[in-house]
file model-v7.csv (CSV, N, CA and C atoms)
chain,number,residue,atom,x,y,z
A,289,MET,N,44.2,-57.3,-67.6
A,289,MET,CA,45.6,-57.3,-68.2
A,289,MET,C,45.5,-57.3,-69.7
A,290,ALA,N,46.3,-56.5,-70.3
A,290,ALA,CA,46.3,-56.3,-71.8
A,290,ALA,C,46.6,-57.6,-72.5
A,291,VAL,N,47.5,-58.4,-72.0
A,291,VAL,CA,47.8,-59.7,-72.6
A,291,VAL,C,46.6,-60.6,-72.7
A,292,LYS,N,45.8,-60.7,-71.6
A,292,LYS,CA,44.6,-61.5,-71.6
A,292,LYS,C,43.6,-61.0,-72.6
A,293,GLU,N,43.5,-59.7,-72.7
A,293,GLU,CA,42.5,-59.1,-73.7
A,293,GLU,C,42.9,-59.5,-75.1
A,294,VAL,N,44.2,-59.5,-75.5
A,294,VAL,CA,44.6,-60.0,-76.8
A,294,VAL,C,44.1,-61.4,-77.0
A,295,LEU,N,44.3,-62.3,-76.1
A,295,LEU,CA,43.9,-63.7,-76.2
A,295,LEU,C,42.4,-63.8,-76.3
A,296,ALA,N,41.7,-63.0,-75.5
A,296,ALA,CA,40.2,-63.0,-75.5
A,296,ALA,C,39.7,-62.5,-76.9
A,297,SER,N,40.4,-61.5,-77.4
A,297,SER,CA,40.0,-61.0,-78.8
A,297,SER,C,40.2,-62.1,-79.8
A,298,TYR,N,41.2,-62.8,-79.7
A,298,TYR,CA,41.4,-63.9,-80.7
A,298,TYR,C,40.3,-65.0,-80.5
A,299,LYS,N,40.0,-65.3,-79.3
A,299,LYS,CA,38.9,-66.3,-79.1
A,299,LYS,C,37.6,-65.8,-79.7
A,300,ARG,N,37.3,-64.5,-79.4
A,300,ARG,CA,36.0,-63.9,-80.0
A,300,ARG,C,36.0,-63.9,-81.5
A,301,ALA,N,37.2,-63.7,-82.1
A,301,ALA,CA,37.2,-63.7,-83.6
A,301,ALA,C,36.9,-65.1,-84.1
A,302,VAL,N,37.5,-66.1,-83.5
A,302,VAL,CA,37.2,-67.5,-83.9
A,302,VAL,C,35.8,-67.8,-83.7
A,303,GLU,N,35.2,-67.5,-82.6
A,303,GLU,CA,33.8,-67.8,-82.3
A,303,GLU,C,32.9,-67.0,-83.2
A,304,SER,N,33.3,-65.9,-83.8
A,304,SER,CA,32.5,-65.2,-84.7
A,304,SER,C,32.6,-65.8,-86.1
A,305,LEU,N,33.4,-66.8,-86.3
A,305,LEU,CA,33.7,-67.5,-87.6
A,305,LEU,C,34.3,-66.6,-88.6
A,306,ASP,N,34.9,-65.5,-88.2
A,306,ASP,CA,35.6,-64.6,-89.1
A,306,ASP,C,36.8,-64.0,-88.4
A,307,ALA,N,38.0,-64.7,-88.6
A,307,ALA,CA,39.2,-64.3,-87.9
A,307,ALA,C,40.0,-63.3,-88.6
A,308,SER,N,39.5,-62.8,-89.7
A,308,SER,CA,40.3,-61.9,-90.5
A,308,SER,C,40.8,-60.6,-89.7
A,309,GLY,N,40.0,-60.2,-88.8
A,309,GLY,CA,40.4,-59.0,-88.0
A,309,GLY,C,41.4,-59.4,-86.9
A,310,ALA,N,41.7,-60.7,-86.7
A,310,ALA,CA,42.7,-61.1,-85.8
A,310,ALA,C,44.1,-60.9,-86.3
A,311,VAL,N,44.3,-60.6,-87.5
A,311,VAL,CA,45.6,-60.3,-88.1
A,311,VAL,C,46.3,-59.2,-87.2
A,312,ARG,N,45.6,-58.2,-86.8
A,312,ARG,CA,46.2,-57.2,-86.0
A,312,ARG,C,46.7,-57.6,-84.6
A,313,LEU,N,46.3,-58.8,-84.2
A,313,LEU,CA,46.7,-59.3,-82.9
A,313,LEU,C,48.1,-60.1,-83.0
A,314,PHE,N,48.6,-60.3,-84.2
A,314,PHE,CA,49.8,-61.1,-84.4
A,314,PHE,C,50.9,-60.2,-85.0
A,315,THR,N,52.1,-60.5,-84.7
A,315,THR,CA,53.3,-59.8,-85.3
A,315,THR,C,53.4,-60.3,-86.7
A,316,GLU,N,54.0,-59.4,-87.5
A,316,GLU,CA,54.3,-59.8,-89.0
A,316,GLU,C,55.1,-61.1,-89.1
A,317,ASP,N,56.0,-61.3,-88.1
A,317,ASP,CA,56.9,-62.5,-88.2
A,317,ASP,C,56.4,-63.6,-87.3
A,318,SER,N,55.1,-63.6,-87.0
A,318,SER,CA,54.5,-64.6,-86.1
A,318,SER,C,54.8,-66.0,-86.6
A,319,ALA,N,54.6,-67.0,-85.7
A,319,ALA,CA,54.7,-68.4,-86.1
A,319,ALA,C,53.6,-69.1,-85.4
A,320,VAL,N,52.8,-69.9,-86.2
A,320,VAL,CA,51.7,-70.7,-85.6
A,320,VAL,C,52.0,-72.2,-85.8
A,321,PHE,N,51.7,-72.9,-84.7
A,321,PHE,CA,51.9,-74.4,-84.7
A,321,PHE,C,50.6,-75.0,-84.2
A,322,GLU,N,50.2,-76.0,-84.9
A,322,GLU,CA,48.9,-76.7,-84.5
A,322,GLU,C,49.0,-78.2,-84.6
A,323,ASN,N,48.8,-78.9,-83.6
A,323,ASN,CA,48.8,-80.3,-83.6
A,323,ASN,C,49.9,-80.9,-84.4
A,324,GLY,N,51.1,-80.5,-84.0
A,324,GLY,CA,52.3,-81.1,-84.6
A,324,GLY,C,52.7,-80.5,-86.0
A,325,THR,N,52.0,-79.5,-86.5
A,325,THR,CA,52.3,-78.9,-87.8
A,325,THR,C,52.7,-77.5,-87.7
A,326,SER,N,53.7,-77.1,-88.4
A,326,SER,CA,54.1,-75.7,-88.5
A,326,SER,C,53.2,-75.0,-89.6
A,327,GLU,N,52.4,-74.0,-89.2
A,327,GLU,CA,51.5,-73.4,-90.1
A,327,GLU,C,52.0,-72.1,-90.7
A,328,GLY,N,53.2,-71.7,-90.4
A,328,GLY,CA,53.7,-70.4,-91.0
A,328,GLY,C,53.3,-69.3,-90.1
A,329,THR,N,53.2,-68.1,-90.7
A,329,THR,CA,52.8,-66.9,-90.0
A,329,THR,C,51.3,-67.0,-89.8
A,330,PHE,N,50.7,-66.1,-89.0
A,330,PHE,CA,49.3,-66.1,-88.8
A,330,PHE,C,48.6,-65.8,-90.1
A,331,LYS,N,49.1,-64.8,-90.9
A,331,LYS,CA,48.5,-64.5,-92.2
A,331,LYS,C,48.4,-65.8,-93.1
A,332,HIS,N,49.4,-66.6,-93.1
A,332,HIS,CA,49.4,-67.8,-93.9
A,332,HIS,C,48.4,-68.8,-93.3
A,333,TYR,N,48.5,-69.0,-92.0
A,333,TYR,CA,47.5,-69.9,-91.3
A,333,TYR,C,46.1,-69.5,-91.6
A,334,LEU,N,45.8,-68.2,-91.5
A,334,LEU,CA,44.5,-67.7,-91.8
A,334,LEU,C,44.0,-68.0,-93.2
A,335,GLY,N,44.9,-67.7,-94.2
A,335,GLY,CA,44.5,-67.9,-95.6
A,335,GLY,C,44.5,-69.4,-96.0
A,336,HIS,N,45.3,-70.2,-95.4
A,336,HIS,CA,45.4,-71.6,-95.9
A,336,HIS,C,44.8,-72.7,-94.9
A,337,HIS,N,44.4,-72.3,-93.7
A,337,HIS,CA,43.9,-73.3,-92.8
A,337,HIS,C,42.7,-72.8,-92.0
A,338,LEU,N,42.9,-71.8,-91.1
A,338,LEU,CA,41.9,-71.3,-90.2
A,338,LEU,C,40.7,-70.7,-91.0
A,339,GLY,N,41.0,-69.8,-91.9
A,339,GLY,CA,39.9,-69.2,-92.7
A,339,GLY,C,39.0,-70.2,-93.4
A,340,PRO,N,39.6,-71.0,-94.3
A,340,PRO,CA,38.8,-72.0,-95.0
A,340,PRO,C,38.1,-73.0,-94.0
A,341,GLU,N,38.7,-73.3,-92.9
A,341,GLU,CA,38.0,-74.2,-91.9
A,341,GLU,C,36.8,-73.5,-91.3
A,342,LEU,N,36.9,-72.2,-91.0
A,342,LEU,CA,35.8,-71.5,-90.4
A,342,LEU,C,34.7,-71.3,-91.4
A,343,ASN,N,35.0,-71.2,-92.7
A,343,ASN,CA,34.0,-71.1,-93.7
A,343,ASN,C,33.1,-72.4,-93.8
A,344,GLU,N,33.6,-73.5,-93.3
A,344,GLU,CA,32.8,-74.7,-93.3
A,344,GLU,C,32.2,-75.1,-92.0
A,345,VAL,N,32.1,-74.1,-91.1
A,345,VAL,CA,31.6,-74.3,-89.7
A,345,VAL,C,30.4,-73.5,-89.5
A,346,ARG,N,29.4,-74.1,-88.8
A,346,ARG,CA,28.2,-73.4,-88.5
A,346,ARG,C,28.3,-72.7,-87.1
A,347,ALA,N,29.1,-73.2,-86.2
A,347,ALA,CA,29.3,-72.6,-84.9
A,347,ALA,C,30.6,-73.2,-84.3
A,348,PHE,N,31.2,-72.3,-83.4
A,348,PHE,CA,32.4,-72.7,-82.7
A,348,PHE,C,32.3,-72.0,-81.4
A,349,ARG,N,32.4,-72.8,-80.3
A,349,ARG,CA,32.3,-72.2,-78.9
A,349,ARG,C,33.4,-72.8,-78.0
A,350,TYR,N,34.0,-71.9,-77.2
A,350,TYR,CA,35.0,-72.3,-76.2
A,350,TYR,C,34.2,-72.5,-74.9
A,351,ALA,N,34.8,-73.4,-74.0
A,351,ALA,CA,34.2,-73.6,-72.7
A,351,ALA,C,35.3,-73.9,-71.7
A,352,ASP,N,35.0,-73.8,-70.4
A,352,ASP,CA,36.0,-74.2,-69.4
A,352,ASP,C,37.4,-73.6,-69.6
A,353,TYR,N,37.4,-72.3,-70.0
A,353,TYR,CA,38.6,-71.6,-70.4
A,353,TYR,C,39.3,-71.1,-69.1
A,354,ALA,N,40.6,-71.3,-69.1
A,354,ALA,CA,41.5,-70.8,-68.0
A,354,ALA,C,42.8,-70.3,-68.7
A,355,VAL,N,43.4,-69.2,-68.2
A,355,VAL,CA,44.6,-68.7,-68.7
A,355,VAL,C,45.5,-68.3,-67.6
A,356,SER,N,46.8,-68.5,-67.8
A,356,SER,CA,47.9,-68.1,-66.9
A,356,SER,C,48.9,-67.3,-67.7
A,357,VAL,N,49.3,-66.1,-67.2
A,357,VAL,CA,50.2,-65.2,-67.9
A,357,VAL,C,51.4,-64.8,-67.1
A,358,LYS,N,52.6,-64.9,-67.7
A,358,LYS,CA,53.8,-64.4,-67.0
A,358,LYS,C,54.4,-63.3,-67.9
A,359,VAL,N,54.6,-62.1,-67.4
A,359,VAL,CA,55.2,-61.0,-68.1
A,359,VAL,C,56.7,-60.8,-67.7
A,360,GLU,N,57.6,-60.8,-68.6
A,360,GLU,CA,59.0,-60.5,-68.4
A,360,GLU,C,59.4,-59.4,-69.3
A,361,GLY,N,59.3,-58.2,-68.9
A,361,GLY,CA,59.7,-57.0,-69.7
A,361,GLY,C,58.7,-56.9,-70.9
A,362,PRO,N,59.3,-56.9,-72.1
A,362,PRO,CA,58.5,-56.7,-73.3
A,362,PRO,C,58.0,-58.1,-73.9
A,363,VAL,N,58.1,-59.1,-73.1
A,363,VAL,CA,57.7,-60.5,-73.5
A,363,VAL,C,56.7,-61.0,-72.5
A,364,ALA,N,55.7,-61.7,-73.0
A,364,ALA,CA,54.8,-62.4,-72.1
A,364,ALA,C,54.5,-63.8,-72.6
A,365,VAL,N,54.4,-64.7,-71.7
A,365,VAL,CA,54.1,-66.1,-72.0
A,365,VAL,C,52.8,-66.5,-71.4
A,366,ALA,N,51.9,-67.0,-72.2
A,366,ALA,CA,50.5,-67.4,-71.7
A,366,ALA,C,50.3,-68.9,-72.0
A,367,SER,N,49.6,-69.5,-71.1
A,367,SER,CA,49.2,-70.9,-71.3
A,367,SER,C,47.7,-70.9,-71.0
A,368,GLU,N,47.0,-71.6,-71.9
A,368,GLU,CA,45.5,-71.7,-71.9
A,368,GLU,C,45.1,-73.1,-71.9
A,369,THR,N,44.0,-73.4,-71.2
A,369,THR,CA,43.4,-74.7,-71.2
A,369,THR,C,41.9,-74.4,-71.5
A,370,TYR,N,41.3,-75.3,-72.3
A,370,TYR,CA,39.9,-75.1,-72.7
A,370,TYR,C,39.3,-76.3,-73.3
A,371,ARG,N,38.0,-76.2,-73.5
A,371,ARG,CA,37.3,-77.2,-74.4
A,371,ARG,C,36.7,-76.4,-75.5
A,372,PHE,N,36.5,-77.1,-76.6
A,372,PHE,CA,35.8,-76.4,-77.7
A,372,PHE,C,34.8,-77.4,-78.4
A,373,ARG,N,33.8,-76.8,-78.9
A,373,ARG,CA,32.8,-77.5,-79.7
A,373,ARG,C,32.7,-76.8,-81.1
A,374,MET,N,33.0,-77.5,-82.1
A,374,MET,CA,32.9,-77.0,-83.5
A,374,MET,C,31.8,-77.8,-84.2
A,375,GLU,N,30.9,-77.1,-84.8
A,375,GLU,CA,29.8,-77.7,-85.5
A,375,GLU,C,29.9,-77.4,-87.0
A,376,PRO,N,30.5,-78.4,-87.7
A,376,PRO,CA,30.7,-78.3,-89.2
A,376,PRO,C,29.3,-78.2,-89.9
A,377,LYS,N,29.3,-77.6,-91.0
A,377,LYS,CA,28.0,-77.5,-91.8
A,377,LYS,C,27.5,-78.8,-92.3
A,378,ARG,N,28.5,-79.7,-92.6
A,378,ARG,CA,28.1,-81.0,-93.3
A,378,ARG,C,28.6,-82.2,-92.5
A,379,ALA,N,28.8,-82.1,-91.2
A,379,ALA,CA,29.2,-83.3,-90.4
A,379,ALA,C,28.8,-83.1,-89.0
A,380,GLU,N,29.0,-84.2,-88.2
A,380,GLU,CA,28.6,-84.2,-86.8
A,380,GLU,C,29.5,-83.2,-86.0
A,381,PRO,N,29.0,-82.6,-84.9
A,381,PRO,CA,29.8,-81.8,-84.1
A,381,PRO,C,31.1,-82.4,-83.6
A,382,ILE,N,32.1,-81.6,-83.4
A,382,ILE,CA,33.4,-82.1,-82.9
A,382,ILE,C,33.6,-81.4,-81.5
A,383,GLU,N,33.9,-82.2,-80.5
A,383,GLU,CA,34.3,-81.7,-79.2
A,383,GLU,C,35.7,-82.1,-78.8
A,384,ARG,N,36.5,-81.2,-78.3
A,384,ARG,CA,37.8,-81.5,-78.0
A,384,ARG,C,38.2,-80.7,-76.7
A,385,GLN,N,39.2,-81.3,-76.0
A,385,GLN,CA,39.9,-80.6,-74.9
A,385,GLN,C,41.2,-80.1,-75.5
A,386,ALA,N,41.6,-78.9,-75.1
A,386,ALA,CA,42.8,-78.4,-75.8
A,386,ALA,C,43.7,-77.6,-74.8
A,387,VAL,N,44.9,-77.3,-75.3
A,387,VAL,CA,45.8,-76.4,-74.6
A,387,VAL,C,46.4,-75.5,-75.7
A,388,ALA,N,46.9,-74.4,-75.2
A,388,ALA,CA,47.6,-73.4,-76.1
A,388,ALA,C,48.6,-72.7,-75.3
A,389,THR,N,49.7,-72.4,-76.0
A,389,THR,CA,50.8,-71.6,-75.4
A,389,THR,C,51.1,-70.5,-76.4
A,390,SER,N,51.1,-69.3,-75.9
A,390,SER,CA,51.4,-68.1,-76.7
A,390,SER,C,52.6,-67.3,-76.1
A,391,VAL,N,53.4,-66.8,-77.0
A,391,VAL,CA,54.4,-65.9,-76.6
A,391,VAL,C,54.1,-64.5,-77.3
A,392,LEU,N,53.9,-63.5,-76.5
A,392,LEU,CA,53.6,-62.2,-77.0
A,392,LEU,C,54.7,-61.2,-76.8
A,393,ARG,N,54.8,-60.3,-77.7
A,393,ARG,CA,55.8,-59.2,-77.6
A,393,ARG,C,55.1,-57.9,-77.7
A,394,LYS,N,55.6,-57.0,-76.9
A,394,LYS,CA,55.1,-55.6,-76.9
A,394,LYS,C,55.7,-54.8,-78.1
A,395,GLU,N,54.9,-54.4,-78.9
A,395,GLU,CA,55.3,-53.6,-80.1
A,395,GLU,C,54.5,-52.3,-80.1
A,396,GLY,N,55.2,-51.2,-80.1
A,396,GLY,CA,54.6,-49.9,-80.2
A,396,GLY,C,53.5,-49.7,-79.1
A,397,GLY,N,53.8,-50.2,-77.9
A,397,GLY,CA,52.9,-50.1,-76.8
A,397,GLY,C,51.7,-51.1,-76.8
A,398,ALA,N,51.6,-52.0,-77.8
A,398,ALA,CA,50.6,-53.0,-77.8
A,398,ALA,C,51.1,-54.4,-77.8
A,399,TRP,N,50.5,-55.3,-77.1
A,399,TRP,CA,50.9,-56.7,-77.1
A,399,TRP,C,50.4,-57.4,-78.3
A,400,LYS,N,51.3,-58.1,-79.0
A,400,LYS,CA,50.9,-58.9,-80.1
A,400,LYS,C,51.5,-60.3,-80.0
A,401,ILE,N,50.8,-61.3,-80.6
A,401,ILE,CA,51.2,-62.7,-80.5
A,401,ILE,C,52.3,-62.9,-81.5
A,402,LEU,N,53.5,-63.4,-80.9
A,402,LEU,CA,54.7,-63.7,-81.7
A,402,LEU,C,54.7,-65.1,-82.1
A,403,GLN,N,54.3,-66.0,-81.2
A,403,GLN,CA,54.2,-67.4,-81.4
A,403,GLN,C,53.0,-68.0,-80.8
A,404,PHE,N,52.3,-68.9,-81.5
A,404,PHE,CA,51.1,-69.5,-81.0
A,404,PHE,C,51.1,-71.0,-81.3
A,405,HIS,N,50.9,-71.8,-80.3
A,405,HIS,CA,50.9,-73.2,-80.4
A,405,HIS,C,49.7,-73.8,-79.7
A,406,ASN,N,48.9,-74.6,-80.4
A,406,ASN,CA,47.7,-75.3,-79.8
A,406,ASN,C,47.7,-76.7,-80.2
A,407,SER,N,47.1,-77.5,-79.3
A,407,SER,CA,46.9,-78.9,-79.7
A,407,SER,C,45.6,-79.3,-78.9
A,408,SER,N,44.9,-80.3,-79.5
A,408,SER,CA,43.7,-80.8,-78.9
A,408,SER,C,43.5,-82.3,-79.1
A,409,LEU,N,42.7,-82.9,-78.3
A,409,LEU,CA,42.3,-84.3,-78.4
A,409,LEU,C,40.9,-84.5,-78.0
A,410,ARG,N,40.4,-85.7,-78.3
A,410,ARG,CA,39.0,-86.0,-77.8
A,410,ARG,C,39.0,-86.1,-76.3
A,411,PRO,N,38.0,-85.6,-75.7
A,411,PRO,CA,37.9,-85.7,-74.2
A,411,PRO,C,37.8,-87.2,-73.8
A,412,ARG,N,38.4,-87.5,-72.7
A,412,ARG,CA,38.3,-88.9,-72.2
A,412,ARG,C,36.9,-89.3,-72.1
A,413,GLY,N,36.6,-90.6,-72.4
A,413,GLY,CA,35.3,-91.1,-72.3
A,413,GLY,C,34.4,-90.8,-73.6
A,414,SER,N,35.0,-90.1,-74.6
A,414,SER,CA,34.2,-89.8,-75.8
A,414,SER,C,34.3,-90.9,-76.8

call {"tool": "encode", "arguments": {"input": "model-v7.csv", "output": "structure tokens"}}
result
Amino acid sequence: MAVKEVLASYKRAVESLDASGAVRLFTEDSAVFENGTSEGTFKHYLGHHLGPELNEVRAFRYADYAVSVKVEGPVAVASETYRFRMEPKRAEPIERQAVATSVLRKEGGAWKILQFHNSSLRPRGS
């Protein structure tokens, strides 16, 4: 399904530690929310949060990934569950369990992320 491929492309961009190409996956008027904070559009989030964060990371990997998608005409809603491991260059690795919800809109025949919200916490027993 095309919606799942958009989400997979975003994951690959983060794991590559260079999410600059992911801008094409988001609408111009996108909204990003992370752990209780409004991050603005994806371009703003990339320039002020995600990009600088990835520059300080040696590795980032997703695991135990599951996605559910519902399509209603030109809009799709996706929910994801996963774990991730981030290895900062100057600190101990960080492991989290996380969830994400995305709203995608079909624009010019392509699905793009209109709204993205994720949150994470330490796995139980950590």

call {"tool": "select_by_dssp", "arguments": {"input": "model-v7.csv", "residues": "region 312-414 of chain A", "states": "alpha helix (DSSP H)", "output": "VMD selection string"}}
result
chain A and resid 330 to 333 339 to 343

call {"tool": "residues_around", "arguments": {"input": "model-v7.csv", "residues": "Arg373 (chain A)", "least_positions_apart": "2", "cutoff": "8 Å", "atoms": "all atoms listed in the file", "output": "MDAnalysis selection string"}}
result
chainID A and resid 347:351 370:371 375:376 381:385

call {"tool": "residues_around", "arguments": {"input": "model-v7.csv", "residues": "Glu368 (chain A)", "least_positions_apart": "6", "cutoff": "8 Å", "atoms": "all atoms listed in the file", "output": "list in words"}}
result
Tyr353, Ala354, Val355, Ser356, Val357, Ala386, Val387, Ala388, Thr389 and Ser390 of chain A

call {"tool": "atom_distance", "arguments": {"input": "model-v7.csv", "atom1": "CA of Ser297 (chain A)", "atom2": "CA of Val345 (chain A)"}}
result
19.1 Å

call {"tool": "closest_residue", "arguments": {"input": "model-v7.csv", "among": "A:Asn323, A:His336, A:Leu342, A:Gly328", "to": "Val302 (chain A)", "atoms": "only N, CA and C atoms"}}
result
A:Leu342

call {"tool": "closest_residue", "arguments": {"input": "model-v7.csv", "among": "A:Lys377, A:Phe330, A:Arg410, A:Tyr298", "to": "Ser318 (chain A)", "atoms": "all atoms listed in the file"}}
result
A:Phe330

call {"tool": "atom_distance", "arguments": {"input": "model-v7.csv", "atom1": "atom N of Gly335 (chain A)", "atom2": "atom N of Lys400 (chain A)"}}
result
19.1 Å

call {"tool": "atom_distance", "arguments": {"input": "model-v7.csv", "atom1": "CA of Gly324 (chain A)", "atom2": "CA of His405 (chain A)"}}
result
9.1 Å

call {"tool": "closest_residue", "arguments": {"input": "model-v7.csv", "among": "A:Gly339, A:Glu360, A:Met374, A:Asp352", "to": "Asp306 (chain A)", "atoms": "only N, CA and C atoms"}}
result
A:Gly339

call {"tool": "select_by_dssp", "arguments": {"input": "model-v7.csv", "residues": "chain A", "states": "strand (DSSP E or B)", "output": "number ranges by chain"}}
result
A: 314-322, 325-328, 345-360, 363-376, 382-395, 398-409

call {"tool": "closest_residue", "arguments": {"input": "model-v7.csv", "among": "A:Val320, A:Lys299, A:Ala290, A:Val311", "to": "Phe404 (chain A)", "atoms": "only C-alpha atoms"}}
result
A:Val320

call {"tool": "decode", "arguments": {"input": "model-v7.csv", "residues": "region 318-326 of chain A", "atoms": "all heavy atoms", "output": "mmCIF file, in the first residue's frame"}}
result
data_model
loop_
_atom_site.group_PDB
_atom_site.id
_atom_site.type_symbol
_atom_site.label_atom_id
_atom_site.label_comp_id
_atom_site.auth_asym_id
_atom_site.auth_seq_id
_atom_site.Cartn_x
_atom_site.Cartn_y
_atom_site.Cartn_z
ATOM 1 N N SER A 318 2.312 20.878 6.757
ATOM 2 C CA SER A 318 2.334 19.788 7.736
ATOM 3 C C SER A 318 2.454 20.322 9.163
ATOM 4 O O SER A 318 2.864 21.464 9.385
ATOM 5 C CB SER A 318 3.509 18.848 7.444
ATOM 6 O OG SER A 318 4.731 19.544 7.554
ATOM 7 N N ALA A 319 2.115 19.454 10.108
ATOM 8 C CA ALA A 319 2.252 19.765 11.532
ATOM 9 C C ALA A 319 2.878 18.546 12.208
ATOM 10 O O ALA A 319 2.422 17.428 12.004
ATOM 11 C CB ALA A 319 0.896 20.080 12.154
ATOM 12 N N VAL A 320 3.920 18.807 12.995
ATOM 13 C CA VAL A 320 4.625 17.734 13.691
ATOM 14 C C VAL A 320 4.498 17.979 15.196
ATOM 15 O O VAL A 320 4.736 19.099 15.668
ATOM 16 C CB VAL A 320 6.117 17.676 13.281
ATOM 17 C CG1 VAL A 320 6.860 16.623 14.087
ATOM 18 C CG2 VAL A 320 6.241 17.399 11.786
ATOM 19 N N PHE A 321 4.149 16.922 15.918
ATOM 20 C CA PHE A 321 4.041 16.973 17.368
ATOM 21 C C PHE A 321 4.881 15.840 17.938
ATOM 22 O O PHE A 321 4.809 14.714 17.456
ATOM 23 C CB PHE A 321 2.588 16.803 17.819
ATOM 24 C CG PHE A 321 1.672 17.826 17.213
ATOM 25 C CD1 PHE A 321 0.971 17.548 16.040
ATOM 26 C CD2 PHE A 321 1.530 19.069 17.793
ATOM 27 C CE1 PHE A 321 0.139 18.487 15.470
ATOM 28 C CE2 PHE A 321 0.692 20.032 17.227
ATOM 29 C CZ PHE A 321 -0.004 19.732 16.060
ATOM 30 N N GLU A 322 5.681 16.149 18.947
ATOM 31 C CA GLU A 322 6.530 15.119 19.551
ATOM 32 C C GLU A 322 6.553 15.292 21.061
ATOM 33 O O GLU A 322 6.899 16.372 21.553
ATOM 34 C CB GLU A 322 7.952 15.210 18.983
ATOM 35 C CG GLU A 322 8.868 14.125 19.506
ATOM 36 C CD GLU A 322 10.234 14.161 18.862
ATOM 37 O OE1 GLU A 322 11.087 14.935 19.331
ATOM 38 O OE2 GLU A 322 10.436 13.423 17.890
ATOM 39 N N ASN A 323 6.202 14.219 21.764
ATOM 40 C CA ASN A 323 6.270 14.198 23.228
ATOM 41 C C ASN A 323 5.713 15.464 23.872
ATOM 42 O O ASN A 323 6.340 16.081 24.716
ATOM 43 C CB ASN A 323 7.704 13.952 23.688
ATOM 44 C CG ASN A 323 8.158 12.547 23.396
ATOM 45 O OD1 ASN A 323 7.354 11.619 23.345
ATOM 46 N ND2 ASN A 323 9.443 12.381 23.179
ATOM 47 N N GLY A 324 4.527 15.861 23.458
ATOM 48 C CA GLY A 324 3.862 16.991 24.092
ATOM 49 C C GLY A 324 4.266 18.357 23.581
ATOM 50 O O GLY A 324 3.869 19.368 24.146
ATOM 51 N N THR A 325 5.039 18.416 22.489
ATOM 52 C CA THR A 325 5.500 19.693 21.950
ATOM 53 C C THR A 325 5.074 19.839 20.498
ATOM 54 O O THR A 325 5.215 18.906 19.711
ATOM 55 C CB THR A 325 7.037 19.782 22.025
ATOM 56 O OG1 THR A 325 7.443 19.626 23.380
ATOM 57 C CG2 THR A 325 7.543 21.113 21.512
ATOM 58 N N SER A 326 4.589 21.021 20.146
ATOM 59 C CA SER A 326 4.301 21.327 18.752
ATOM 60 C C SER A 326 5.606 21.771 18.105
ATOM 61 O O SER A 326 6.234 22.730 18.543
ATOM 62 C CB SER A 326 3.262 22.443 18.654
ATOM 63 O OG SER A 326 3.062 22.793 17.301
#
